[in-house]
Amino acid sequence: MPAAAIDAQALSKWFGEGPTRTYAVREVSFEARFDEILYIVGPSGSGKTTLLSMISGILRPSTGRVMVKGIDLWSLSADRLADFRLNTVGFVFQDYHLFPRLTTVENVAIPLILKKRDWNGSLAEAMRYLEIVGLKDRAQLVPVKLSIGEQQRVAIARAIVSGPDILIFDEPTASLDGDTGRRIMEFVKRDVLNEHRCIVVVTHDNRIFEYADRILRMEDGRITRVDGMKSDEE
Amino acid sequence: MIGILRIAYRLLVNDKGKFAALLVGVTFAVFLMIFVTSMFAGILNKSSATIINIGATVWVMDRSVNTPQNTIPVPDYLLDAVRSIAGVKYAVPLYSGMGLVKLRNGSYQTASVLGLDDTSLFGRPELVEGRIEDIYAENGFIVVKDEEFPKLGNPQLGTEFEINDNRGRIVGIAKVTSSGLFGVPTLYTTFRRAILYIPSMRYTISYILVEPKDSTAIPSIKREVALLGYEALTKEEFMRRTSDFYKYQTGIGTNILLMTVISFIVGLSISGQTFYTFILENLERFGALKAIGAKGSDLIYMILFQTGFTALLGYGLGIGLSAILIALAKLRLPDYASLMTFGNLGLALVMVLLIASISSYIAVRKVLRIEPFDIFRG
């Protein structure tokens with residue numbers, strides 16, 4: 001049986017110590033698989049962003065273990081962890097965090113440049129991915145010249161350009177109208193997801209729930225329910 | 001690595017407003033530092049003009065002499081005593097003093113008068129007009145054609161004038177390596193004529209110029225002269241003493257130091273603060289880079305490149321600006337004392353690298369502290 005894309009075991013995260021200790025995530029276990037879109041949903045403060053950070057190698061859990069493709073993520077050194085994120089995880093941030101002074105194609109090429117690929121080769125590859133997201137003609141524009149939906153697609157192109165196995169979307173439709181949000185998720189499901197890739201989406205936008213394969217519902221740092229739309233689990 | 005630096009370069013130069021502010025800050029600081037220190041170097045250079053122009057290897061003088069202009073005459077017997085020291089190839093007297101020249105139009109002009117040893121004319125300047133032997137002619141003077149030359153009414157060969165109520169006649173026009181600090185013309189004549197024309201004390205020799213048989217004899221010559229109660233300094237030592245006098249005993253050095261420190265603070269404030277703002281504005285993006293997989297070292301290289309590039313570009317522009325302004329000033333004021341030396345440039349480079357290092361340090365601390373988790377939290 002192939003290893004799960006992500007296997008989180010008894011993850012907890014708290015901030016502060018003693019009487020000020022506050023739990024963000026408590027004893028959470030779940031699995032994410034390849035070729036699935038897993039949503040983590042819940043109200044603000046339910047711990048979904050903290051959970052997302054722990055499974056993507058950004059925030060060290062207080063207790064518990066995260067196995068990604070069979071590797072114990074938090075046993076890696078800081079530099080190996082950075083390499084892991086670069087090679088294995090693609091991020092689409094809520095505010096996209098595109099560099100306003102770089103062109104669209106340069107923004108998309110950043111992960112390749114961080115991987116020490118040569119400049120021209122990186123731009124050529126980035127251009128290919130801009131074509132995939134339908135923005136080839138916007139390659140030389142700076143992000144502020146693009147619409148919000150186009151910026152979102154640029155962020156997606158940047159997330160997938162280095163061929164990561166796991167894609168992390170943080171509130172991908174928060175700034176989009178319903179139609180644009182749905183178009184983006186359709187694109188993700190149709191063109192980004194494949195049998196070698198797992199997509200984890202944090203959202204509380206119920207307009208796009210239909211694109212999830214499974215939904216983890218969180219409240220007060222715990223998973224309260226798992227809705228399997230494709231899975232046999234639960 | 002190159003790709004990361006290219007990203008850093010584009011982030012920097014594409015933010016035109018901040019980049020311009022950074023450059024202006026560094027350029028202005030470099031300009032001030034170089035301009036002020038060059039002025040000081042120019043003053044020091046001109047203050048040693050007599051030492052440079054006469055060119056003697058060793059100068060014997062009274063112990064209290066600080067600069068070539070502040071002469072304290074030494075007794076005639078000292079000349080014979082110095083000549084008798086082992087290791088001395090030859091020793092000649094030099095007179096240095098000031099004379100009052102009355103021009104043909106009736107106006108007066110102070111002039112520096114140098115009286116050369118009658119026999120050897122050691123320390124004579126290079127003539128551009130006239131013959132050196134004419135200095136022995138009646139009332140013969142050689143005038144130096146430098147920035148101060150017009151103050152004597154642009155004299156020609158044969159021009160007559162009065163100097164301390166004695167008749168003088170220009171028999172040669174010379175050029176020298178360095179012109180003096182005090183803005184007065186220079187006249188050369190023989191030692192005998194100088195002490196005849198210029199009122200002097202009982203002692204008449206200003207300096208004894210010594211040529212040692214070889215450089216190894218200099219220490220023993222200095223010892224022997226010290227035993228006689230006087231001091232022998234090499235050309236370099238005398239220039240250093242002159243320079244130290246202006247640096248430490250006139251307040252000029254302190255003022256220049258203060259100006260340099262102020263320039264440094266101005267440069268650091270402008271560029272440090274601008275760079276800090278630049279980093280703050282891009283902090284979330286640096287955090288995003290960290291989240292994507294950039295290592296701490298990648299971000300440090302980016303920041304070092306940005307500050308280093310700005311610093312070196314600003315350094316070059318600052319030098320250019322200083323050079324242009326000094327050249328323009330010299331066009332207008334030929335005797336403008338300013339000299340851009342490798343020392344000045346080196347000092348400014350150290351200062352500008354210090355500005356870059358402090359700016360980098362602040363920025364690196366800020367960037368390394370940002371947690372990628374903050375990016376998710378917004």
# chains A, B, ... in the order shown; residues from 1 in each chain; ligands from 1
call {"tool": "residues_around", "arguments": {"residues": "region 158-167 of chain B", "least_positions_apart": "6", "cutoff": "7 Å", "atoms": "only C-alpha atoms", "output": "PDB file with C-alpha atoms, in the first residue's frame"}}
result
ATOM      1  CA  GLY B  99      59.260  90.050   2.366  1.00  0.00           C
ATOM      2  CA  LEU B 100      57.071  92.997   1.540  1.00  0.00           C
ATOM      3  CA  VAL B 101      56.995  93.674  -2.179  1.00  0.00           C
ATOM      4  CA  LYS B 102      55.994  97.085  -3.489  1.00  0.00           C
ATOM      5  CA  LEU B 103      54.534  96.726  -6.954  1.00  0.00           C
ATOM      6  CA  ARG B 104      54.877  99.250  -9.774  1.00  0.00           C
ATOM      7  CA  ASN B 139      69.110  92.224  -7.345  1.00  0.00           C
ATOM      8  CA  TYR B 197      67.265  92.272   2.051  1.00  0.00           C
ATOM      9  CA  ILE B 198      65.061  90.765   4.718  1.00  0.00           C
TER      10      ILE B 198
END
call {"tool": "select_by_dssp", "arguments": {"residues": "region 43-198 of chain A", "states": "alpha helix (DSSP H)", "output": "PyMOL selection string"}}
result
chain A and resi 48-55+78-88+104-114+119-132+148-160+178-187
call {"tool": "write_last_selection", "arguments": {"atoms": "C-alpha atoms", "output": "PDB file, in the first residue's frame"}}
result
ATOM      1  CA  LYS A  48      -7.139  25.169  10.843  1.00  0.00           C
ATOM      2  CA  THR A  49      -4.310  27.544   9.854  1.00  0.00           C
ATOM      3  CA  THR A  50      -2.141  26.238  12.687  1.00  0.00           C
ATOM      4  CA  LEU A  51      -2.821  22.695  11.515  1.00  0.00           C
ATOM      5  CA  LEU A  52      -1.997  23.671   7.934  1.00  0.00           C
ATOM      6  CA  SER A  53       1.301  25.204   9.071  1.00  0.00           C
ATOM      7  CA  MET A  54       2.284  22.096  11.001  1.00  0.00           C
ATOM      8  CA  ILE A  55       1.637  19.686   8.153  1.00  0.00           C
ATOM      9  CA  ALA A  78      15.994  23.717   9.504  1.00  0.00           C
ATOM     10  CA  ASP A  79      17.807  23.653   6.143  1.00  0.00           C
ATOM     11  CA  ARG A  80      16.456  20.205   5.222  1.00  0.00           C
ATOM     12  CA  LEU A  81      13.011  21.418   6.182  1.00  0.00           C
ATOM     13  CA  ALA A  82      13.424  24.413   3.857  1.00  0.00           C
ATOM     14  CA  ASP A  83      14.507  22.011   1.102  1.00  0.00           C
ATOM     15  CA  PHE A  84      11.512  19.845   1.860  1.00  0.00           C
ATOM     16  CA  ARG A  85       9.128  22.778   1.484  1.00  0.00           C
ATOM     17  CA  LEU A  86      10.847  23.857  -1.708  1.00  0.00           C
ATOM     18  CA  ASN A  87      10.737  20.435  -3.321  1.00  0.00           C
ATOM     19  CA  THR A  88       7.596  18.870  -1.926  1.00  0.00           C
ATOM     20  CA  THR A 104       4.398  37.905 -13.436  1.00  0.00           C
ATOM     21  CA  VAL A 105       6.768  35.435 -15.041  1.00  0.00           C
ATOM     22  CA  GLU A 106       9.536  36.296 -12.572  1.00  0.00           C
ATOM     23  CA  ASN A 107       7.118  35.754  -9.687  1.00  0.00           C
ATOM     24  CA  VAL A 108       6.225  32.330 -11.017  1.00  0.00           C
ATOM     25  CA  ALA A 109       9.892  31.431 -11.510  1.00  0.00           C
ATOM     26  CA  ILE A 110      10.859  32.091  -7.881  1.00  0.00           C
ATOM     27  CA  PRO A 111      10.705  28.465  -6.631  1.00  0.00           C
ATOM     28  CA  LEU A 112      12.865  27.351  -9.559  1.00  0.00           C
ATOM     29  CA  ILE A 113      15.369  30.115  -8.859  1.00  0.00           C
ATOM     30  CA  LEU A 114      15.443  29.085  -5.201  1.00  0.00           C
ATOM     31  CA  TRP A 119      17.641  32.270 -14.793  1.00  0.00           C
ATOM     32  CA  ASN A 120      16.609  31.808 -18.417  1.00  0.00           C
ATOM     33  CA  GLY A 121      15.613  28.179 -17.915  1.00  0.00           C
ATOM     34  CA  SER A 122      13.499  29.181 -14.908  1.00  0.00           C
ATOM     35  CA  LEU A 123      11.724  31.900 -16.860  1.00  0.00           C
ATOM     36  CA  ALA A 124      11.045  29.532 -19.761  1.00  0.00           C
ATOM     37  CA  GLU A 125       9.574  26.940 -17.400  1.00  0.00           C
ATOM     38  CA  ALA A 126       7.564  29.630 -15.597  1.00  0.00           C
ATOM     39  CA  MET A 127       6.189  30.754 -18.959  1.00  0.00           C
ATOM     40  CA  ARG A 128       4.994  27.200 -19.626  1.00  0.00           C
ATOM     41  CA  TYR A 129       3.052  27.238 -16.361  1.00  0.00           C
ATOM     42  CA  LEU A 130       1.641  30.670 -17.084  1.00  0.00           C
ATOM     43  CA  GLU A 131       0.320  29.184 -20.281  1.00  0.00           C
ATOM     44  CA  ILE A 132      -1.279  26.374 -18.269  1.00  0.00           C
ATOM     45  CA  ILE A 148      -7.543  39.492  -8.352  1.00  0.00           C
ATOM     46  CA  GLY A 149      -8.526  36.306 -10.162  1.00  0.00           C
ATOM     47  CA  GLU A 150      -5.465  36.558 -12.395  1.00  0.00           C
ATOM     48  CA  GLN A 151      -3.235  37.123  -9.370  1.00  0.00           C
ATOM     49  CA  GLN A 152      -4.724  33.995  -7.834  1.00  0.00           C
ATOM     50  CA  ARG A 153      -3.821  32.029 -10.961  1.00  0.00           C
ATOM     51  CA  VAL A 154      -0.295  33.444 -10.894  1.00  0.00           C
ATOM     52  CA  ALA A 155      -0.005  32.265  -7.284  1.00  0.00           C
ATOM     53  CA  ILE A 156      -1.201  28.818  -8.358  1.00  0.00           C
ATOM     54  CA  ALA A 157       1.321  28.755 -11.206  1.00  0.00           C
ATOM     55  CA  ARG A 158       4.067  29.680  -8.708  1.00  0.00           C
ATOM     56  CA  ALA A 159       2.899  26.913  -6.376  1.00  0.00           C
ATOM     57  CA  ILE A 160       2.969  24.184  -9.054  1.00  0.00           C
ATOM     58  CA  GLY A 178     -18.462  33.326  -6.208  1.00  0.00           C
ATOM     59  CA  ASP A 179     -18.072  32.737  -9.941  1.00  0.00           C
ATOM     60  CA  THR A 180     -14.341  33.434 -10.009  1.00  0.00           C
ATOM     61  CA  GLY A 181     -13.831  31.257  -6.931  1.00  0.00           C
ATOM     62  CA  ARG A 182     -15.641  28.380  -8.540  1.00  0.00           C
ATOM     63  CA  ARG A 183     -13.717  28.799 -11.800  1.00  0.00           C
ATOM     64  CA  ILE A 184     -10.448  28.702  -9.890  1.00  0.00           C
ATOM     65  CA  MET A 185     -11.406  25.544  -8.024  1.00  0.00           C
ATOM     66  CA  GLU A 186     -12.638  23.914 -11.237  1.00  0.00           C
ATOM     67  CA  PHE A 187      -9.296  24.695 -12.784  1.00  0.00           C
TER      68      PHE A 187
END
call {"tool": "residues_around", "arguments": {"residues": "Ile71 (chain A)", "least_positions_apart": "5", "cutoff": "10 Å", "atoms": "only C-alpha atoms", "output": "JSON, numbers by chain"}}
result
{"A": [3, 5, 6, 7, 66, 76]}
call {"tool": "residues_around", "arguments": {"residues": "Trp14 (chain A)", "least_positions_apart": "4", "cutoff": "7 Å", "atoms": "only C-alpha atoms", "output": "mmCIF file with C-alpha atoms, in the first residue's frame"}}
result
data_model
loop_
_atom_site.group_PDB
_atom_site.id
_atom_site.type_symbol
_atom_site.label_atom_id
_atom_site.label_comp_id
_atom_site.auth_asym_id
_atom_site.auth_seq_id
_atom_site.Cartn_x
_atom_site.Cartn_y
_atom_site.Cartn_z
ATOM 1 C CA ARG A 21 -1.048 28.174 27.877
ATOM 2 C CA THR A 22 -3.565 28.223 25.033
ATOM 3 C CA TYR A 23 -4.242 25.253 22.809
ATOM 4 C CA ALA A 24 -4.604 25.983 19.101
ATOM 5 C CA VAL A 25 -4.761 22.343 18.034
ATOM 6 C CA SER A 62 4.167 20.893 20.465
#
call {"tool": "interface_residues", "arguments": {"of": "chain B", "to": "chain A", "cutoff": "9 Å", "atoms": "only C-alpha atoms", "output": "ChimeraX atom specification"}}
result
/B:1-4,6-7,10-15,282,284-285,288-296,298,371-373,375-378
call {"tool": "write_last_selection", "arguments": {"atoms": "N, CA and C atoms", "output": "mmCIF file, in the first residue's frame"}}
result
data_model
loop_
_atom_site.group_PDB
_atom_site.id
_atom_site.type_symbol
_atom_site.label_atom_id
_atom_site.label_comp_id
_atom_site.auth_asym_id
_atom_site.auth_seq_id
_atom_site.Cartn_x
_atom_site.Cartn_y
_atom_site.Cartn_z
ATOM 1 N N MET B 1 22.536 30.671 -6.942
ATOM 2 C CA MET B 1 22.936 31.891 -6.221
ATOM 3 C C MET B 1 22.746 33.143 -7.082
ATOM 4 N N ILE B 2 23.189 33.050 -8.357
ATOM 5 C CA ILE B 2 23.086 34.209 -9.243
ATOM 6 C C ILE B 2 21.620 34.598 -9.418
ATOM 7 N N GLY B 3 20.749 33.575 -9.562
ATOM 8 C CA GLY B 3 19.320 33.838 -9.745
ATOM 9 C C GLY B 3 18.743 34.587 -8.557
ATOM 10 N N ILE B 4 19.120 34.164 -7.357
ATOM 11 C CA ILE B 4 18.644 34.820 -6.123
ATOM 12 C C ILE B 4 19.093 36.286 -6.133
ATOM 13 N N ARG B 6 19.795 38.053 -8.696
ATOM 14 C CA ARG B 6 19.059 38.804 -9.730
ATOM 15 C C ARG B 6 17.693 39.217 -9.215
ATOM 16 N N ILE B 7 17.075 38.322 -8.466
ATOM 17 C CA ILE B 7 15.780 38.669 -7.846
ATOM 18 C C ILE B 7 15.989 39.857 -6.904
ATOM 19 N N ARG B 10 16.435 43.032 -8.841
ATOM 20 C CA ARG B 10 15.197 43.564 -9.416
ATOM 21 C C ARG B 10 14.281 44.153 -8.349
ATOM 22 N N LEU B 11 14.237 43.481 -7.203
ATOM 23 C CA LEU B 11 13.414 44.018 -6.112
ATOM 24 C C LEU B 11 13.906 45.404 -5.730
ATOM 25 N N LEU B 12 15.214 45.553 -5.759
ATOM 26 C CA LEU B 12 15.817 46.826 -5.339
ATOM 27 C C LEU B 12 15.607 47.921 -6.388
ATOM 28 N N VAL B 13 16.050 47.668 -7.609
ATOM 29 C CA VAL B 13 16.051 48.757 -8.597
ATOM 30 C C VAL B 13 14.662 49.040 -9.165
ATOM 31 N N ASN B 14 13.770 48.045 -9.108
ATOM 32 C CA ASN B 14 12.409 48.297 -9.616
ATOM 33 C C ASN B 14 11.600 49.163 -8.663
ATOM 34 N N ASP B 15 12.052 49.245 -7.407
ATOM 35 C CA ASP B 15 11.404 50.162 -6.460
ATOM 36 C C ASP B 15 12.145 51.496 -6.590
ATOM 37 N N ASN B 282 8.770 44.876 2.368
ATOM 38 C CA ASN B 282 8.883 43.581 1.691
ATOM 39 C C ASN B 282 8.920 42.415 2.670
ATOM 40 N N GLU B 284 6.697 40.739 4.339
ATOM 41 C CA GLU B 284 5.784 39.627 4.102
ATOM 42 C C GLU B 284 6.263 38.768 2.939
ATOM 43 N N ARG B 285 6.850 39.450 1.936
ATOM 44 C CA ARG B 285 7.344 38.678 0.780
ATOM 45 C C ARG B 285 8.551 37.845 1.171
ATOM 46 N N ALA B 288 7.160 35.005 2.782
ATOM 47 C CA ALA B 288 6.615 34.072 1.784
ATOM 48 C C ALA B 288 7.742 33.260 1.157
ATOM 49 N N LEU B 289 8.866 33.934 0.892
ATOM 50 C CA LEU B 289 10.025 33.229 0.335
ATOM 51 C C LEU B 289 10.487 32.139 1.295
ATOM 52 N N LYS B 290 10.500 32.482 2.590
ATOM 53 C CA LYS B 290 10.904 31.493 3.598
ATOM 54 C C LYS B 290 9.944 30.303 3.582
ATOM 55 N N ALA B 291 8.646 30.623 3.496
ATOM 56 C CA ALA B 291 7.646 29.550 3.486
ATOM 57 C C ALA B 291 7.828 28.669 2.252
ATOM 58 N N ILE B 292 8.117 29.305 1.118
ATOM 59 C CA ILE B 292 8.278 28.541 -0.125
ATOM 60 C C ILE B 292 9.493 27.618 -0.037
ATOM 61 N N GLY B 293 10.512 28.044 0.714
ATOM 62 C CA GLY B 293 11.677 27.172 0.855
ATOM 63 C C GLY B 293 13.014 27.879 0.799
ATOM 64 N N ALA B 294 12.991 29.213 0.850
ATOM 65 C CA ALA B 294 14.281 29.931 0.877
ATOM 66 C C ALA B 294 14.930 29.712 2.239
ATOM 67 N N LYS B 295 16.225 29.476 2.220
ATOM 68 C CA LYS B 295 16.947 29.294 3.485
ATOM 69 C C LYS B 295 17.330 30.667 4.035
ATOM 70 N N GLY B 296 17.648 30.688 5.302
ATOM 71 C CA GLY B 296 18.104 31.937 5.921
ATOM 72 C C GLY B 296 19.283 32.517 5.164
ATOM 73 N N ASP B 298 19.957 32.260 2.013
ATOM 74 C CA ASP B 298 19.505 32.877 0.751
ATOM 75 C C ASP B 298 19.071 34.322 1.005
ATOM 76 N N GLU B 371 8.512 34.803 10.911
ATOM 77 C CA GLU B 371 8.136 33.391 10.855
ATOM 78 C C GLU B 371 7.208 33.201 9.665
ATOM 79 N N PRO B 372 7.449 32.195 8.856
ATOM 80 C CA PRO B 372 6.539 31.948 7.731
ATOM 81 C C PRO B 372 5.106 31.751 8.207
ATOM 82 N N PHE B 373 4.971 31.269 9.447
ATOM 83 C CA PHE B 373 3.631 31.064 10.007
ATOM 84 C C PHE B 373 2.847 32.381 10.015
ATOM 85 N N ILE B 375 2.816 34.562 7.835
ATOM 86 C CA ILE B 375 2.247 34.784 6.504
ATOM 87 C C ILE B 375 0.857 34.153 6.422
ATOM 88 N N PHE B 376 0.723 32.969 7.015
ATOM 89 C CA PHE B 376 -0.586 32.313 7.012
ATOM 90 C C PHE B 376 -1.581 33.054 7.891
ATOM 91 N N ARG B 377 -1.036 33.585 8.990
ATOM 92 C CA ARG B 377 -1.944 34.274 9.918
ATOM 93 C C ARG B 377 -2.379 35.628 9.371
ATOM 94 N N GLY B 378 -1.634 36.091 8.293
ATOM 95 C CA GLY B 378 -1.959 37.398 7.706
ATOM 96 C C GLY B 378 -1.398 38.479 8.586
#
call {"tool": "select_by_dssp", "arguments": {"residues": "region 139-348 of chain B", "states": "strand (DSSP E or B)", "output": "PyMOL selection string"}}
result
chain B and resi 140-144+160-163+166-175+186-190+205+207-212+231-234
call {"tool": "atom_distance", "arguments": {"atom1": "CA of Asp72 (chain A)", "atom2": "CA of Gly47 (chain A)"}}
result
21.7 Å
